[in-house]
Amino acid sequence: MQQRDKYRLALLAACAIALHGFERLIPAPIPWLRFGFANIITLITLSFYGFNAALTITLIRILIGSMLIGTFLGPPFVMSLAGGLFSIAAMWAATRLRLFGPLGLSLIGALFHNLGQLLAGYAIFIQNLYSILILAPVILFIGTLTGVLNGLAVIFTMEHLKKMPDNVQNNR
Amino acid sequence: MKITELIGYTTLFDRVLLVFLFCVTGASIVLVPVYLPHGGQVRIEVDNKLLYKLSLSEDKIIPIGGLTVQIKGGKVRVADSDCPGKVCVKQGWIDSGAIICLPNRVAITVEGAAPAAKGVDATT
């Protein structure tokens, strides 16, 4: 990996942490409802730099993000980690299929992020299958909505990056 | 960049996946609570005082005085009782309504399940 790429990854990780932190400030009707804007950065990294870089950025984002917010090693941290790892694995598998564009990848990422969180939540906190089953469709539905938003944002950002003179994706 | 331009960058599979996810999650929001009707709670009151508030989805056997209350498979029953009439035992498994054992002053009510459970039953 070139030095320049390291700088870019650091910058992308910083963007992801900022989005992760600032989206907590957006008022939401349900406290644990998040937009998952950090997934925009993860997806861009995944399509420009590949799986390892995206995994690195996700781990940096979750570790440093949780330390900034103060949930490090707490329950939200475990949920966040489970969701992040699930979604990155699913999105990577989906890129290998070469069927989906950014929107589809974002939807898959949102879906598996929520599935991972639900699984972690069930395994660690609420061992009540009934409430998980009632909650899951609502969470997954909202996740689809935010997935569409993020997917459109990814398309928007990537088209702009491709137009830039210093081509970001040229040294993958 | 207009929103229609953004949509131009999506593939066919993206759109199929989007519609599929919306349909499945939207439908399951409506259907899951319907097909999981035994998710109510059991209130067990003795002398009009609430002793237990339990979920119907967890199997359990609770002894209360002379009664043995059993929760299994989303239903509740009085498995055994020391009262003379044993009306409560004969009532069997219920997933809505209530079982009242007057001699022991025990009332077992199922709530939050089917809407029918909220109606007043004149015979009990």
# chains A, B, ... in the order shown; residues from 1 in each chain; ligands from 1
>>> select_by_dssp(residues="segment 41-105 of chain B", states="strand (DSSP E or B)", output="PyMOL selection string")
chain B and resi 41-46+49-55+60-64+67-72+75-80+94+97-101
>>> write_last_selection(atoms="N, CA, C and O atoms", output="short mmCIF file (atom, residue, chain, number, x, y, z; two decimals), in the first residue's frame")
data_model
loop_
_atom_site.label_atom_id
_atom_site.label_comp_id
_atom_site.auth_asym_id
_atom_site.auth_seq_id
_atom_site.Cartn_x
_atom_site.Cartn_y
_atom_site.Cartn_z
N GLN B 41 -49.39 -11.25 27.88
CA GLN B 41 -48.84 -11.41 29.21
C GLN B 41 -49.87 -12.01 30.13
O GLN B 41 -51.06 -11.82 29.95
N VAL B 42 -49.37 -12.74 31.08
CA VAL B 42 -50.25 -13.34 32.07
C VAL B 42 -50.11 -12.55 33.36
O VAL B 42 -49.01 -12.35 33.85
N ARG B 43 -51.25 -12.09 33.85
CA ARG B 43 -51.23 -11.45 35.16
C ARG B 43 -51.82 -12.43 36.15
O ARG B 43 -52.89 -12.98 35.92
N ILE B 44 -51.12 -12.67 37.21
CA ILE B 44 -51.65 -13.55 38.24
C ILE B 44 -51.85 -12.71 39.50
O ILE B 44 -50.91 -12.14 40.04
N GLU B 45 -53.13 -12.61 39.90
CA GLU B 45 -53.46 -11.78 41.05
C GLU B 45 -54.00 -12.66 42.16
O GLU B 45 -54.80 -13.57 41.92
N VAL B 46 -53.56 -12.38 43.36
CA VAL B 46 -54.10 -13.05 44.53
C VAL B 46 -54.62 -11.96 45.47
O VAL B 46 -53.88 -11.02 45.78
N LYS B 49 -54.21 -8.46 44.46
CA LYS B 49 -52.86 -7.90 44.43
C LYS B 49 -52.07 -8.64 43.35
O LYS B 49 -52.09 -9.86 43.27
N LEU B 50 -51.38 -7.85 42.52
CA LEU B 50 -50.62 -8.44 41.41
C LEU B 50 -49.39 -9.15 41.95
O LEU B 50 -48.53 -8.55 42.58
N LEU B 51 -49.34 -10.48 41.73
CA LEU B 51 -48.18 -11.25 42.19
C LEU B 51 -47.16 -11.44 41.08
O LEU B 51 -45.98 -11.22 41.27
N TYR B 52 -47.66 -11.86 39.91
CA TYR B 52 -46.75 -12.13 38.81
C TYR B 52 -47.25 -11.42 37.56
O TYR B 52 -48.45 -11.27 37.36
N LYS B 53 -46.31 -11.00 36.72
CA LYS B 53 -46.64 -10.56 35.37
C LYS B 53 -45.66 -11.27 34.46
O LYS B 53 -44.47 -10.96 34.45
N LEU B 54 -46.14 -12.29 33.76
CA LEU B 54 -45.24 -13.18 33.02
C LEU B 54 -45.56 -13.14 31.54
O LEU B 54 -46.67 -12.82 31.12
N SER B 55 -44.56 -13.49 30.75
CA SER B 55 -44.76 -13.59 29.31
C SER B 55 -45.31 -14.97 28.98
O SER B 55 -44.90 -15.97 29.56
N LYS B 60 -43.29 -22.27 31.79
CA LYS B 60 -43.00 -22.12 33.21
C LYS B 60 -44.06 -22.86 34.03
O LYS B 60 -45.19 -23.01 33.58
N ILE B 61 -43.68 -23.25 35.21
CA ILE B 61 -44.65 -23.82 36.16
C ILE B 61 -44.49 -23.07 37.48
O ILE B 61 -43.40 -22.97 38.02
N ILE B 62 -45.62 -22.47 37.93
CA ILE B 62 -45.53 -21.63 39.13
C ILE B 62 -46.51 -22.17 40.18
O ILE B 62 -47.71 -22.25 39.91
N PRO B 63 -46.04 -22.50 41.35
CA PRO B 63 -46.95 -22.85 42.44
C PRO B 63 -47.39 -21.59 43.18
O PRO B 63 -46.56 -20.76 43.54
N ILE B 64 -48.74 -21.44 43.36
CA ILE B 64 -49.26 -20.31 44.11
C ILE B 64 -50.22 -20.86 45.14
O ILE B 64 -51.32 -21.29 44.80
N LEU B 67 -52.46 -23.79 44.31
CA LEU B 67 -52.59 -23.92 42.86
C LEU B 67 -51.23 -24.19 42.21
O LEU B 67 -50.21 -23.76 42.72
N THR B 68 -51.32 -24.88 41.08
CA THR B 68 -50.13 -24.96 40.24
C THR B 68 -50.51 -24.41 38.88
O THR B 68 -51.37 -24.94 38.20
N VAL B 69 -49.88 -23.30 38.50
CA VAL B 69 -50.17 -22.65 37.23
C VAL B 69 -49.08 -23.04 36.24
O VAL B 69 -47.89 -23.00 36.57
N GLN B 70 -49.53 -23.45 35.05
CA GLN B 70 -48.55 -23.86 34.05
C GLN B 70 -48.69 -23.00 32.80
O GLN B 70 -49.79 -22.80 32.29
N ILE B 71 -47.55 -22.51 32.31
CA ILE B 71 -47.52 -21.77 31.04
C ILE B 71 -46.74 -22.61 30.05
O ILE B 71 -45.62 -23.02 30.33
N LYS B 72 -47.37 -22.88 28.90
CA LYS B 72 -46.67 -23.68 27.90
C LYS B 72 -47.21 -23.36 26.52
O LYS B 72 -48.42 -23.28 26.32
N LYS B 75 -49.89 -20.73 25.99
CA LYS B 75 -51.18 -20.89 26.69
C LYS B 75 -50.92 -21.08 28.17
O LYS B 75 -49.81 -21.43 28.58
N VAL B 76 -51.97 -20.86 28.94
CA VAL B 76 -51.82 -20.99 30.39
C VAL B 76 -52.98 -21.83 30.93
O VAL B 76 -54.08 -21.84 30.37
N ARG B 77 -52.70 -22.59 31.98
CA ARG B 77 -53.76 -23.37 32.61
C ARG B 77 -53.43 -23.53 34.09
O ARG B 77 -52.30 -23.28 34.52
N VAL B 78 -54.45 -23.97 34.83
CA VAL B 78 -54.22 -24.37 36.20
C VAL B 78 -54.05 -25.88 36.15
O VAL B 78 -54.99 -26.62 35.82
N ALA B 79 -52.83 -26.36 36.40
CA ALA B 79 -52.56 -27.79 36.28
C ALA B 79 -53.17 -28.55 37.45
O ALA B 79 -53.68 -29.65 37.28
N ASP B 80 -53.12 -27.95 38.62
CA ASP B 80 -53.63 -28.66 39.79
C ASP B 80 -54.11 -27.63 40.81
O ASP B 80 -53.61 -26.51 40.87
N ILE B 94 -55.94 -21.81 28.25
CA ILE B 94 -56.52 -20.62 27.64
C ILE B 94 -55.38 -19.76 27.07
O ILE B 94 -54.27 -19.78 27.57
N GLY B 97 -58.72 -14.24 27.72
CA GLY B 97 -59.69 -14.27 28.80
C GLY B 97 -59.03 -14.49 30.15
O GLY B 97 -57.92 -14.03 30.38
N ALA B 98 -59.72 -15.23 31.02
CA ALA B 98 -59.20 -15.34 32.38
C ALA B 98 -59.63 -16.66 33.02
O ALA B 98 -60.62 -17.26 32.62
N ILE B 99 -58.84 -17.08 33.99
CA ILE B 99 -59.24 -18.20 34.85
C ILE B 99 -59.31 -17.64 36.27
O ILE B 99 -58.35 -17.00 36.73
N ILE B 100 -60.44 -17.85 36.91
CA ILE B 100 -60.60 -17.35 38.28
C ILE B 100 -60.82 -18.55 39.21
O ILE B 100 -61.68 -19.39 38.93
N CYS B 101 -60.05 -18.60 40.26
CA CYS B 101 -60.30 -19.61 41.28
C CYS B 101 -60.75 -18.89 42.54
O CYS B 101 -59.94 -18.29 43.25
#
>>> residues_around(residues="segment 111-126 of chain A", least_positions_apart="3", cutoff="9 Å", atoms="only C-alpha atoms", output="PyMOL selection string")
(chain A and resi 75+78-91+106-108+129+131-132+135-136+139-141+143-144+147) or (chain B and resi 21)
>>> closest_residue(among="B:Val19, B:Thr4, B:Asp47, B:Ile29", to="chain A", atoms="only C-alpha atoms")
B:Ile29
>>> closest_atom_pairs(of="chain B", to="chain A", cutoff="9 Å", atoms="only C-alpha atoms", output="JSON lines")
{"residue": "B:Met1", "atom": "CA", "partner": "A:Phe156", "partner_atom": "CA", "distance": 7.5}
{"residue": "B:Ile3", "atom": "CA", "partner": "A:Leu152", "partner_atom": "CA", "distance": 8.3}
{"residue": "B:Leu6", "atom": "CA", "partner": "A:Leu152", "partner_atom": "CA", "distance": 6.4}
{"residue": "B:Ile7", "atom": "CA", "partner": "A:Leu152", "partner_atom": "CA", "distance": 7.7}
{"residue": "B:Tyr9", "atom": "CA", "partner": "A:Ile155", "partner_atom": "CA", "distance": 7.1}
{"residue": "B:Thr10", "atom": "CA", "partner": "A:Gly101", "partner_atom": "CA", "distance": 5.6}
{"residue": "B:Thr11", "atom": "CA", "partner": "A:Gly101", "partner_atom": "CA", "distance": 5.7}
{"residue": "B:Leu12", "atom": "CA", "partner": "A:Phe100", "partner_atom": "CA", "distance": 8.0}
{"residue": "B:Phe13", "atom": "CA", "partner": "A:Phe100", "partner_atom": "CA", "distance": 5.8}
{"residue": "B:Asp14", "atom": "CA", "partner": "A:Gly104", "partner_atom": "CA", "distance": 4.3}
{"residue": "B:Arg15", "atom": "CA", "partner": "A:Gly104", "partner_atom": "CA", "distance": 7.5}
{"residue": "B:Val16", "atom": "CA", "partner": "A:Gly104", "partner_atom": "CA", "distance": 8.9}
{"residue": "B:Leu17", "atom": "CA", "partner": "A:Gly104", "partner_atom": "CA", "distance": 6.7}
{"residue": "B:Leu18", "atom": "CA", "partner": "A:Gly104", "partner_atom": "CA", "distance": 7.2}
{"residue": "B:Leu21", "atom": "CA", "partner": "A:Thr144", "partner_atom": "CA", "distance": 6.9}
{"residue": "B:Phe22", "atom": "CA", "partner": "A:Phe141", "partner_atom": "CA", "distance": 6.6}
{"residue": "B:Val24", "atom": "CA", "partner": "A:Pro137", "partner_atom": "CA", "distance": 8.5}
{"residue": "B:Thr25", "atom": "CA", "partner": "A:Pro137", "partner_atom": "CA", "distance": 5.2}
{"residue": "B:Gly26", "atom": "CA", "partner": "A:Phe141", "partner_atom": "CA", "distance": 6.4}
{"residue": "B:Ala27", "atom": "CA", "partner": "A:Pro137", "partner_atom": "CA", "distance": 8.5}
{"residue": "B:Ser28", "atom": "CA", "partner": "A:Pro137", "partner_atom": "CA", "distance": 5.8}
{"residue": "B:Ile29", "atom": "CA", "partner": "A:Pro137", "partner_atom": "CA", "distance": 5.1}
{"residue": "B:Val30", "atom": "CA", "partner": "A:Pro137", "partner_atom": "CA", "distance": 8.8}
{"residue": "B:Val32", "atom": "CA", "partner": "A:Ile134", "partner_atom": "CA", "distance": 6.5}
{"residue": "B:Pro33", "atom": "CA", "partner": "A:Ile134", "partner_atom": "CA", "distance": 6.4}
{"residue": "B:Leu36", "atom": "CA", "partner": "A:Tyr130", "partner_atom": "CA", "distance": 7.9}
{"residue": "B:Gly39", "atom": "CA", "partner": "A:Tyr130", "partner_atom": "CA", "distance": 6.6}
{"residue": "B:Ser57", "atom": "CA", "partner": "A:Tyr130", "partner_atom": "CA", "distance": 6.9}
{"residue": "B:Glu58", "atom": "CA", "partner": "A:Asn128", "partner_atom": "CA", "distance": 8.3}
>>> atom_distance(atom1="atom CA of Thr42 of chain A", atom2="atom CA of Thr58 of chain A")
6.6 Å
>>> residues_around(residues="segment 4-11 of chain A", least_positions_apart="5", cutoff="8 Å", atoms="only C-alpha atoms", output="count of residues only")
3
